[in-house]
$ cat final_29.cif   # mmCIF, N, CA and C atoms
data_work
#
loop_
_atom_site.label_atom_id
_atom_site.label_comp_id
_atom_site.auth_asym_id
_atom_site.auth_seq_id
_atom_site.Cartn_x
_atom_site.Cartn_y
_atom_site.Cartn_z
N ASP Z 241 41.62 195.89 -210.42
CA ASP Z 241 42.89 195.73 -209.75
C ASP Z 241 43.23 196.90 -208.85
N LYS Z 242 42.39 197.91 -208.79
CA LYS Z 242 42.60 199.05 -207.89
C LYS Z 242 41.67 198.92 -206.69
N PRO Z 243 42.12 199.38 -205.53
CA PRO Z 243 41.27 199.28 -204.34
C PRO Z 243 40.06 200.20 -204.41
N ILE Z 244 39.02 199.81 -203.70
CA ILE Z 244 37.82 200.63 -203.56
C ILE Z 244 37.69 200.97 -202.08
N ASN Z 245 37.74 202.26 -201.76
CA ASN Z 245 37.64 202.70 -200.37
C ASN Z 245 36.19 202.83 -199.95
N ILE Z 246 35.85 202.19 -198.86
CA ILE Z 246 34.53 202.33 -198.25
C ILE Z 246 34.74 203.24 -197.05
N ALA Z 247 34.35 204.49 -197.21
CA ALA Z 247 34.61 205.49 -196.17
C ALA Z 247 33.61 206.64 -196.35
N THR Z 248 33.77 207.67 -195.55
CA THR Z 248 32.88 208.83 -195.64
C THR Z 248 33.36 209.85 -196.65
N GLY Z 249 34.63 209.79 -197.00
CA GLY Z 249 35.19 210.80 -197.90
C GLY Z 249 35.60 212.07 -197.18
N GLU Z 250 35.49 212.08 -195.86
CA GLU Z 250 35.87 213.25 -195.06
C GLU Z 250 37.36 213.20 -194.75
N ARG Z 251 37.94 214.37 -194.59
CA ARG Z 251 39.33 214.46 -194.13
C ARG Z 251 39.30 214.57 -192.61
N PHE Z 252 40.20 213.85 -191.94
CA PHE Z 252 40.27 213.95 -190.49
C PHE Z 252 41.71 213.73 -190.04
N THR Z 253 42.07 214.40 -188.97
CA THR Z 253 43.41 214.27 -188.43
C THR Z 253 43.44 213.18 -187.37
N VAL Z 254 44.63 212.65 -187.14
CA VAL Z 254 44.81 211.67 -186.07
C VAL Z 254 44.47 212.31 -184.74
N LYS Z 255 44.91 213.56 -184.54
CA LYS Z 255 44.62 214.27 -183.29
C LYS Z 255 43.11 214.41 -183.08
N ASN Z 256 42.38 214.79 -184.12
CA ASN Z 256 40.94 214.93 -184.01
C ASN Z 256 40.28 213.60 -183.67
N THR Z 257 40.76 212.53 -184.27
CA THR Z 257 40.21 211.20 -183.99
C THR Z 257 40.42 210.83 -182.54
N ILE Z 258 41.62 211.07 -182.03
CA ILE Z 258 41.91 210.76 -180.63
C ILE Z 258 41.03 211.60 -179.71
N GLU Z 259 40.86 212.87 -180.02
CA GLU Z 259 40.02 213.74 -179.20
C GLU Z 259 38.57 213.25 -179.19
N LEU Z 260 38.06 212.79 -180.33
CA LEU Z 260 36.70 212.26 -180.38
C LEU Z 260 36.57 210.99 -179.54
N ILE Z 261 37.55 210.12 -179.63
CA ILE Z 261 37.52 208.89 -178.83
C ILE Z 261 37.53 209.23 -177.35
N MET Z 262 38.41 210.15 -176.94
CA MET Z 262 38.47 210.56 -175.54
C MET Z 262 37.14 211.13 -175.08
N LYS Z 263 36.54 211.97 -175.92
CA LYS Z 263 35.27 212.61 -175.58
C LYS Z 263 34.16 211.57 -175.39
N HIS Z 264 34.03 210.66 -176.34
CA HIS Z 264 32.93 209.70 -176.29
C HIS Z 264 33.14 208.56 -175.30
N MET Z 265 34.38 208.41 -174.83
CA MET Z 265 34.64 207.40 -173.80
C MET Z 265 34.82 208.03 -172.43
N ASP Z 266 34.56 209.35 -172.36
CA ASP Z 266 34.71 210.08 -171.09
C ASP Z 266 36.09 209.86 -170.47
N TYR Z 267 37.11 209.87 -171.31
CA TYR Z 267 38.47 209.68 -170.84
C TYR Z 267 39.01 211.00 -170.32
N PRO Z 268 39.35 211.08 -169.03
CA PRO Z 268 39.78 212.35 -168.44
C PRO Z 268 41.28 212.62 -168.58
N GLY Z 269 42.03 211.65 -169.07
CA GLY Z 269 43.48 211.78 -169.14
C GLY Z 269 43.93 212.68 -170.27
N ARG Z 270 45.22 212.62 -170.54
CA ARG Z 270 45.76 213.42 -171.63
C ARG Z 270 46.59 212.52 -172.53
N VAL Z 271 46.84 212.98 -173.72
CA VAL Z 271 47.65 212.25 -174.68
C VAL Z 271 49.05 212.82 -174.65
N VAL Z 272 50.03 211.95 -174.62
CA VAL Z 272 51.42 212.37 -174.66
C VAL Z 272 51.98 211.94 -176.02
N TRP Z 273 52.37 212.92 -176.82
CA TRP Z 273 52.92 212.66 -178.14
C TRP Z 273 54.42 212.42 -178.03
N ASP Z 274 54.91 211.38 -178.67
CA ASP Z 274 56.34 211.08 -178.68
C ASP Z 274 56.92 211.60 -180.00
N TYR Z 275 57.51 212.77 -179.94
CA TYR Z 275 58.04 213.41 -181.14
C TYR Z 275 59.41 212.85 -181.56
N ASN Z 276 59.93 211.89 -180.80
CA ASN Z 276 61.19 211.27 -181.16
C ASN Z 276 61.03 210.15 -182.17
N LYS Z 277 59.80 209.75 -182.43
CA LYS Z 277 59.52 208.68 -183.38
C LYS Z 277 59.43 209.28 -184.79
N PRO Z 278 59.63 208.44 -185.81
CA PRO Z 278 59.48 208.95 -187.18
C PRO Z 278 58.08 209.51 -187.40
N ASP Z 279 58.02 210.51 -188.24
CA ASP Z 279 56.72 211.13 -188.54
C ASP Z 279 55.80 210.13 -189.23
N GLY Z 280 54.56 210.16 -188.83
CA GLY Z 280 53.54 209.36 -189.48
C GLY Z 280 52.60 210.27 -190.23
N GLN Z 281 51.49 209.75 -190.63
CA GLN Z 281 50.50 210.56 -191.32
C GLN Z 281 49.73 211.37 -190.29
N PHE Z 282 49.61 212.66 -190.55
CA PHE Z 282 48.88 213.53 -189.62
C PHE Z 282 47.41 213.62 -190.00
N MET Z 283 47.10 213.32 -191.24
CA MET Z 283 45.72 213.41 -191.70
C MET Z 283 45.41 212.22 -192.59
N ARG Z 284 44.16 211.79 -192.56
CA ARG Z 284 43.69 210.70 -193.40
C ARG Z 284 42.55 211.20 -194.27
N TYR Z 285 42.52 210.66 -195.46
CA TYR Z 285 41.43 210.94 -196.39
C TYR Z 285 41.34 209.77 -197.35
N TYR Z 286 40.15 209.24 -197.50
CA TYR Z 286 39.94 208.13 -198.42
C TYR Z 286 38.99 208.58 -199.51
N ASP Z 287 39.45 208.52 -200.73
CA ASP Z 287 38.65 208.90 -201.89
C ASP Z 287 37.62 207.81 -202.15
N THR Z 288 36.36 208.17 -202.11
CA THR Z 288 35.28 207.20 -202.28
C THR Z 288 34.68 207.22 -203.69
N THR Z 289 35.34 207.88 -204.62
CA THR Z 289 34.83 207.99 -205.98
C THR Z 289 34.56 206.63 -206.61
N ARG Z 290 35.49 205.70 -206.46
CA ARG Z 290 35.31 204.37 -207.07
C ARG Z 290 34.18 203.60 -206.40
N ALA Z 291 34.00 203.76 -205.09
CA ALA Z 291 32.90 203.09 -204.39
C ALA Z 291 31.56 203.61 -204.90
N LYS Z 292 31.47 204.91 -205.13
CA LYS Z 292 30.23 205.49 -205.66
C LYS Z 292 29.98 205.01 -207.08
N LYS Z 293 31.03 205.00 -207.88
CA LYS Z 293 30.90 204.64 -209.29
C LYS Z 293 30.55 203.17 -209.48
N TYR Z 294 31.29 202.28 -208.85
CA TYR Z 294 31.13 200.85 -209.10
C TYR Z 294 30.15 200.14 -208.17
N LEU Z 295 30.01 200.65 -206.96
CA LEU Z 295 29.15 199.98 -205.97
C LEU Z 295 27.91 200.79 -205.63
N LYS Z 296 27.83 202.01 -206.16
CA LYS Z 296 26.73 202.93 -205.82
C LYS Z 296 26.68 203.18 -204.32
N PHE Z 297 27.87 203.18 -203.69
CA PHE Z 297 27.97 203.34 -202.25
C PHE Z 297 27.88 204.81 -201.85
N GLU Z 298 27.04 205.08 -200.86
CA GLU Z 298 26.94 206.39 -200.21
C GLU Z 298 26.96 206.13 -198.72
N PRO Z 299 27.83 206.80 -197.97
CA PRO Z 299 27.90 206.54 -196.53
C PRO Z 299 26.61 206.96 -195.82
N GLU Z 300 26.22 206.16 -194.84
CA GLU Z 300 25.03 206.47 -194.04
C GLU Z 300 25.34 207.45 -192.93
N TYR Z 301 26.58 207.45 -192.47
CA TYR Z 301 26.96 208.25 -191.31
C TYR Z 301 28.19 209.09 -191.62
N THR Z 302 28.34 210.17 -190.87
CA THR Z 302 29.58 210.93 -190.92
C THR Z 302 30.64 210.13 -190.17
N PHE Z 303 31.89 210.55 -190.27
CA PHE Z 303 32.96 209.88 -189.54
C PHE Z 303 32.67 209.88 -188.04
N GLU Z 304 32.30 211.05 -187.51
CA GLU Z 304 32.05 211.14 -186.07
C GLU Z 304 30.86 210.27 -185.66
N GLU Z 305 29.80 210.26 -186.44
CA GLU Z 305 28.64 209.41 -186.12
C GLU Z 305 29.03 207.94 -186.10
N GLY Z 306 29.80 207.50 -187.09
CA GLY Z 306 30.23 206.10 -187.14
C GLY Z 306 31.14 205.75 -185.98
N LEU Z 307 32.06 206.65 -185.66
CA LEU Z 307 32.96 206.43 -184.53
C LEU Z 307 32.17 206.36 -183.23
N THR Z 308 31.20 207.25 -183.05
CA THR Z 308 30.37 207.26 -181.85
C THR Z 308 29.59 205.96 -181.72
N LYS Z 309 28.99 205.50 -182.80
CA LYS Z 309 28.25 204.23 -182.78
C LYS Z 309 29.17 203.06 -182.43
N THR Z 310 30.38 203.07 -182.99
CA THR Z 310 31.34 202.00 -182.72
C THR Z 310 31.75 202.00 -181.26
N ILE Z 311 32.00 203.16 -180.69
CA ILE Z 311 32.39 203.26 -179.28
C ILE Z 311 31.25 202.79 -178.38
N LYS Z 312 30.02 203.20 -178.69
CA LYS Z 312 28.87 202.75 -177.89
C LYS Z 312 28.73 201.24 -177.95
N TRP Z 313 28.91 200.67 -179.15
CA TRP Z 313 28.84 199.21 -179.30
C TRP Z 313 29.93 198.55 -178.46
N PHE Z 314 31.16 199.07 -178.54
CA PHE Z 314 32.28 198.51 -177.80
C PHE Z 314 32.01 198.53 -176.29
N ILE Z 315 31.56 199.67 -175.79
CA ILE Z 315 31.27 199.78 -174.35
C ILE Z 315 30.16 198.81 -173.95
N ASN Z 316 29.14 198.68 -174.77
CA ASN Z 316 28.04 197.76 -174.50
C ASN Z 316 28.54 196.30 -174.46
N GLU Z 317 29.44 195.97 -175.37
CA GLU Z 317 29.96 194.59 -175.45
C GLU Z 317 31.02 194.27 -174.41
N TYR Z 318 31.90 195.22 -174.14
CA TYR Z 318 33.07 194.95 -173.32
C TYR Z 318 33.17 195.78 -172.05
N GLY Z 319 32.26 196.70 -171.84
CA GLY Z 319 32.33 197.55 -170.66
C GLY Z 319 33.24 198.73 -170.91
N SER Z 320 33.22 199.67 -169.98
CA SER Z 320 34.02 200.89 -170.17
C SER Z 320 35.41 200.78 -169.64
#

$ encode --input "final_29.cif" --output "structure tokens"
Amino acid sequence: DKPINIATGERFTVKNTIELIMKHMDYPGRVVWDYNKPDGQFMRYYDTTRAKKYLKFEPEYTFEEGLTKTIKWFINEYGS
């Protein structure tokens, strides 16, 4: 009855994720943060202990490697 997280187990910030996406998509623009909105989560972390225990799951890629592969797939499928 408890969720099982399928993830890398790495901690990453929203800012870092956006910077990686911009880098891998060659986006030359800038991000404008709207500080007037309610605060959201600044960092994400998914505990993969249950996935390892019950599913014998071990991630094949780091977060950045998986994100890079996903972006390359997206560009290949839909263009830049």

$ residues_near_point --input "final_29.cif" --point "(37.3, 202.4, -202.7)" --cutoff "7 Å" --atoms "only C-alpha atoms" --output "list in words"
Pro243, Ile244, Asn245, Ile246, Asp287, Thr288, Thr289, Arg290 and Ala291 of chain Z

$ residues_around --input "final_29.cif" --residues "Thr308 (chain Z)" --least-positions-apart "6" --cutoff "8 Å" --atoms "all atoms listed in the file" --output "list in words"
Leu260, Ile261, His264, Thr302 and Phe314 of chain Z

$ write_last_selection --input "final_29.cif" --atoms "N, CA and C atoms" --output "PDB file, keeping the file's coordinate frame"
ATOM      1  N   LEU Z 260      38.060 212.790-180.330  1.00  0.00           N
ATOM      2  CA  LEU Z 260      36.700 212.260-180.380  1.00  0.00           C
ATOM      3  C   LEU Z 260      36.570 210.990-179.540  1.00  0.00           C
ATOM      4  N   ILE Z 261      37.550 210.120-179.630  1.00  0.00           N
ATOM      5  CA  ILE Z 261      37.520 208.890-178.830  1.00  0.00           C
ATOM      6  C   ILE Z 261      37.530 209.230-177.350  1.00  0.00           C
ATOM      7  N   HIS Z 264      34.030 210.660-176.340  1.00  0.00           N
ATOM      8  CA  HIS Z 264      32.930 209.700-176.290  1.00  0.00           C
ATOM      9  C   HIS Z 264      33.140 208.560-175.300  1.00  0.00           C
ATOM     10  N   THR Z 302      28.340 210.170-190.870  1.00  0.00           N
ATOM     11  CA  THR Z 302      29.580 210.930-190.920  1.00  0.00           C
ATOM     12  C   THR Z 302      30.640 210.130-190.170  1.00  0.00           C
ATOM     13  N   PHE Z 314      31.160 199.070-178.540  1.00  0.00           N
ATOM     14  CA  PHE Z 314      32.280 198.510-177.800  1.00  0.00           C
ATOM     15  C   PHE Z 314      32.010 198.530-176.290  1.00  0.00           C
TER      16      PHE Z 314
END

$ atom_distance --input "final_29.cif" --atom1 "atom C of Lys296 (chain Z)" --atom2 "atom N of Lys255 (chain Z)"
28.8 Å

$ closest_residue --input "final_29.cif" --among "Z:Tyr285, Z:Tyr318, Z:Lys312, Z:Glu304" --to "Met265 (chain Z)" --atoms "all atoms listed in the file"
Z:Lys312

$ atom_distance --input "final_29.cif" --atom1 "atom N of Tyr267 (chain Z)" --atom2 "atom C of Pro299 (chain Z)"
26.8 Å

$ select_by_dssp --input "final_29.cif" --residues "chain Z" --states "strand (DSSP E or B)" --output "tab-separated table (two decimals) with N, CA and C atoms, keeping the file's coordinate frame"
chain	number	residue	atom	x	y	z
Z	252	PHE	N	40.20	213.85	-191.94
Z	252	PHE	CA	40.27	213.95	-190.49
Z	252	PHE	C	41.71	213.73	-190.04
Z	253	THR	N	42.07	214.40	-188.97
Z	253	THR	CA	43.41	214.27	-188.43
Z	253	THR	C	43.44	213.18	-187.37
Z	283	MET	N	47.10	213.32	-191.24
Z	283	MET	CA	45.72	213.41	-191.70
Z	283	MET	C	45.41	212.22	-192.59
Z	284	ARG	N	44.16	211.79	-192.56
Z	284	ARG	CA	43.69	210.70	-193.40
Z	284	ARG	C	42.55	211.20	-194.27

$ select_by_dssp --input "final_29.cif" --residues "chain Z" --states "helix (DSSP H, G or I)" --output "PDB file with N, CA and C atoms, in the frame of the given file"
ATOM      1  N   VAL Z 254      44.630 212.650-187.140  1.00  0.00           N
ATOM      2  CA  VAL Z 254      44.810 211.670-186.070  1.00  0.00           C
ATOM      3  C   VAL Z 254      44.470 212.310-184.740  1.00  0.00           C
ATOM      4  N   LYS Z 255      44.910 213.560-184.540  1.00  0.00           N
ATOM      5  CA  LYS Z 255      44.620 214.270-183.290  1.00  0.00           C
ATOM      6  C   LYS Z 255      43.110 214.410-183.080  1.00  0.00           C
ATOM      7  N   ASN Z 256      42.380 214.790-184.120  1.00  0.00           N
ATOM      8  CA  ASN Z 256      40.940 214.930-184.010  1.00  0.00           C
ATOM      9  C   ASN Z 256      40.280 213.600-183.670  1.00  0.00           C
ATOM     10  N   THR Z 257      40.760 212.530-184.270  1.00  0.00           N
ATOM     11  CA  THR Z 257      40.210 211.200-183.990  1.00  0.00           C
ATOM     12  C   THR Z 257      40.420 210.830-182.540  1.00  0.00           C
ATOM     13  N   ILE Z 258      41.620 211.070-182.030  1.00  0.00           N
ATOM     14  CA  ILE Z 258      41.910 210.760-180.630  1.00  0.00           C
ATOM     15  C   ILE Z 258      41.030 211.600-179.710  1.00  0.00           C
ATOM     16  N   GLU Z 259      40.860 212.870-180.020  1.00  0.00           N
ATOM     17  CA  GLU Z 259      40.020 213.740-179.200  1.00  0.00           C
ATOM     18  C   GLU Z 259      38.570 213.250-179.190  1.00  0.00           C
ATOM     19  N   LEU Z 260      38.060 212.790-180.330  1.00  0.00           N
ATOM     20  CA  LEU Z 260      36.700 212.260-180.380  1.00  0.00           C
ATOM     21  C   LEU Z 260      36.570 210.990-179.540  1.00  0.00           C
ATOM     22  N   ILE Z 261      37.550 210.120-179.630  1.00  0.00           N
ATOM     23  CA  ILE Z 261      37.520 208.890-178.830  1.00  0.00           C
ATOM     24  C   ILE Z 261      37.530 209.230-177.350  1.00  0.00           C
ATOM     25  N   MET Z 262      38.410 210.150-176.940  1.00  0.00           N
ATOM     26  CA  MET Z 262      38.470 210.560-175.540  1.00  0.00           C
ATOM     27  C   MET Z 262      37.140 211.130-175.080  1.00  0.00           C
ATOM     28  N   LYS Z 263      36.540 211.970-175.920  1.00  0.00           N
ATOM     29  CA  LYS Z 263      35.270 212.610-175.580  1.00  0.00           C
ATOM     30  C   LYS Z 263      34.160 211.570-175.390  1.00  0.00           C
ATOM     31  N   HIS Z 264      34.030 210.660-176.340  1.00  0.00           N
ATOM     32  CA  HIS Z 264      32.930 209.700-176.290  1.00  0.00           C
ATOM     33  C   HIS Z 264      33.140 208.560-175.300  1.00  0.00           C
ATOM     34  N   THR Z 289      35.340 207.880-204.620  1.00  0.00           N
ATOM     35  CA  THR Z 289      34.830 207.990-205.980  1.00  0.00           C
ATOM     36  C   THR Z 289      34.560 206.630-206.610  1.00  0.00           C
ATOM     37  N   ARG Z 290      35.490 205.700-206.460  1.00  0.00           N
ATOM     38  CA  ARG Z 290      35.310 204.370-207.070  1.00  0.00           C
ATOM     39  C   ARG Z 290      34.180 203.600-206.400  1.00  0.00           C
ATOM     40  N   ALA Z 291      34.000 203.760-205.090  1.00  0.00           N
ATOM     41  CA  ALA Z 291      32.900 203.090-204.390  1.00  0.00           C
ATOM     42  C   ALA Z 291      31.560 203.610-204.900  1.00  0.00           C
ATOM     43  N   LYS Z 292      31.470 204.910-205.130  1.00  0.00           N
ATOM     44  CA  LYS Z 292      30.230 205.490-205.660  1.00  0.00           C
ATOM     45  C   LYS Z 292      29.980 205.010-207.080  1.00  0.00           C
ATOM     46  N   LYS Z 293      31.030 205.000-207.880  1.00  0.00           N
ATOM     47  CA  LYS Z 293      30.900 204.640-209.290  1.00  0.00           C
ATOM     48  C   LYS Z 293      30.550 203.170-209.480  1.00  0.00           C
ATOM     49  N   TYR Z 294      31.290 202.280-208.850  1.00  0.00           N
ATOM     50  CA  TYR Z 294      31.130 200.850-209.100  1.00  0.00           C
ATOM     51  C   TYR Z 294      30.150 200.140-208.170  1.00  0.00           C
ATOM     52  N   LEU Z 295      30.010 200.650-206.960  1.00  0.00           N
ATOM     53  CA  LEU Z 295      29.150 199.980-205.970  1.00  0.00           C
ATOM     54  C   LEU Z 295      27.910 200.790-205.630  1.00  0.00           C
ATOM     55  N   PHE Z 303      31.890 210.550-190.270  1.00  0.00           N
ATOM     56  CA  PHE Z 303      32.960 209.880-189.540  1.00  0.00           C
ATOM     57  C   PHE Z 303      32.670 209.880-188.040  1.00  0.00           C
ATOM     58  N   GLU Z 304      32.300 211.050-187.510  1.00  0.00           N
ATOM     59  CA  GLU Z 304      32.050 211.140-186.070  1.00  0.00           C
ATOM     60  C   GLU Z 304      30.860 210.270-185.660  1.00  0.00           C
ATOM     61  N   GLU Z 305      29.800 210.260-186.440  1.00  0.00           N
ATOM     62  CA  GLU Z 305      28.640 209.410-186.120  1.00  0.00           C
ATOM     63  C   GLU Z 305      29.030 207.940-186.100  1.00  0.00           C
ATOM     64  N   GLY Z 306      29.800 207.500-187.090  1.00  0.00           N
ATOM     65  CA  GLY Z 306      30.230 206.100-187.140  1.00  0.00           C
ATOM     66  C   GLY Z 306      31.140 205.750-185.980  1.00  0.00           C
ATOM     67  N   LEU Z 307      32.060 206.650-185.660  1.00  0.00           N
ATOM     68  CA  LEU Z 307      32.960 206.430-184.530  1.00  0.00           C
ATOM     69  C   LEU Z 307      32.170 206.360-183.230  1.00  0.00           C
ATOM     70  N   THR Z 308      31.200 207.250-183.050  1.00  0.00           N
ATOM     71  CA  THR Z 308      30.370 207.260-181.850  1.00  0.00           C
ATOM     72  C   THR Z 308      29.590 205.960-181.720  1.00  0.00           C
ATOM     73  N   LYS Z 309      28.990 205.500-182.800  1.00  0.00           N
ATOM     74  CA  LYS Z 309      28.250 204.230-182.780  1.00  0.00           C
ATOM     75  C   LYS Z 309      29.170 203.060-182.430  1.00  0.00           C
ATOM     76  N   THR Z 310      30.380 203.070-182.990  1.00  0.00           N
ATOM     77  CA  THR Z 310      31.340 202.000-182.720  1.00  0.00           C
ATOM     78  C   THR Z 310      31.750 202.000-181.260  1.00  0.00           C
ATOM     79  N   ILE Z 311      32.000 203.160-180.690  1.00  0.00           N
ATOM     80  CA  ILE Z 311      32.390 203.260-179.280  1.00  0.00           C
ATOM     81  C   ILE Z 311      31.250 202.790-178.380  1.00  0.00           C
ATOM     82  N   LYS Z 312      30.020 203.200-178.690  1.00  0.00           N
ATOM     83  CA  LYS Z 312      28.870 202.750-177.890  1.00  0.00           C
ATOM     84  C   LYS Z 312      28.730 201.240-177.950  1.00  0.00           C
ATOM     85  N   TRP Z 313      28.910 200.670-179.150  1.00  0.00           N
ATOM     86  CA  TRP Z 313      28.840 199.210-179.300  1.00  0.00           C
ATOM     87  C   TRP Z 313      29.930 198.550-178.460  1.00  0.00           C
ATOM     88  N   PHE Z 314      31.160 199.070-178.540  1.00  0.00           N
ATOM     89  CA  PHE Z 314      32.280 198.510-177.800  1.00  0.00           C
ATOM     90  C   PHE Z 314      32.010 198.530-176.290  1.00  0.00           C
ATOM     91  N   ILE Z 315      31.560 199.670-175.790  1.00  0.00           N
ATOM     92  CA  ILE Z 315      31.270 199.780-174.350  1.00  0.00           C
ATOM     93  C   ILE Z 315      30.160 198.810-173.950  1.00  0.00           C
ATOM     94  N   ASN Z 316      29.140 198.680-174.770  1.00  0.00           N
ATOM     95  CA  ASN Z 316      28.040 197.760-174.500  1.00  0.00           C
ATOM     96  C   ASN Z 316      28.540 196.300-174.460  1.00  0.00           C
ATOM     97  N   GLU Z 317      29.440 195.970-175.370  1.00  0.00           N
ATOM     98  CA  GLU Z 317      29.960 194.590-175.450  1.00  0.00           C
ATOM     99  C   GLU Z 317      31.020 194.270-174.410  1.00  0.00           C
ATOM    100  N   TYR Z 318      31.900 195.220-174.140  1.00  0.00           N
ATOM    101  CA  TYR Z 318      33.070 194.950-173.320  1.00  0.00           C
ATOM    102  C   TYR Z 318      33.170 195.780-172.050  1.00  0.00           C
TER     103      TYR Z 318
END

$ atom_distance --input "final_29.cif" --atom1 "atom N of Asn256 (chain Z)" --atom2 "atom C of Trp313 (chain Z)"
21.2 Å

$ closest_residue --input "final_29.cif" --among "Z:Thr248, Z:Thr310, Z:Asn316, Z:Thr257" --to "Glu298 (chain Z)" --atoms "all atoms listed in the file"
Z:Thr248

$ axis_aligned_box --input "final_29.cif" --around "region 290-296 of chain Z" --padding-each-side "3 Å" --output "AutoDock Vina command-line options"
--center_x 31.1 --center_y 202.8 --center_z -206.9 --size_x 14.8 --size_y 11.7 --size_z 11.2

$ closest_residue --input "final_29.cif" --among "Z:Glu317, Z:Tyr301, Z:Leu307, Z:Asp274" --to "Glu259 (chain Z)" --atoms "only C-alpha atoms"
Z:Leu307

$ residues_around --input "final_29.cif" --residues "Met283 (chain Z)" --least-positions-apart "3" --cutoff "9 Å" --atoms "only C-alpha atoms" --output "list in words"
Arg251, Phe252, Thr253, Val254 and Lys255 of chain Z

$ closest_residue --input "final_29.cif" --among "Z:Arg270, Z:Lys292, Z:Arg284, Z:Lys309" --to "Glu250 (chain Z)" --atoms "only N, CA and C atoms"
Z:Arg284
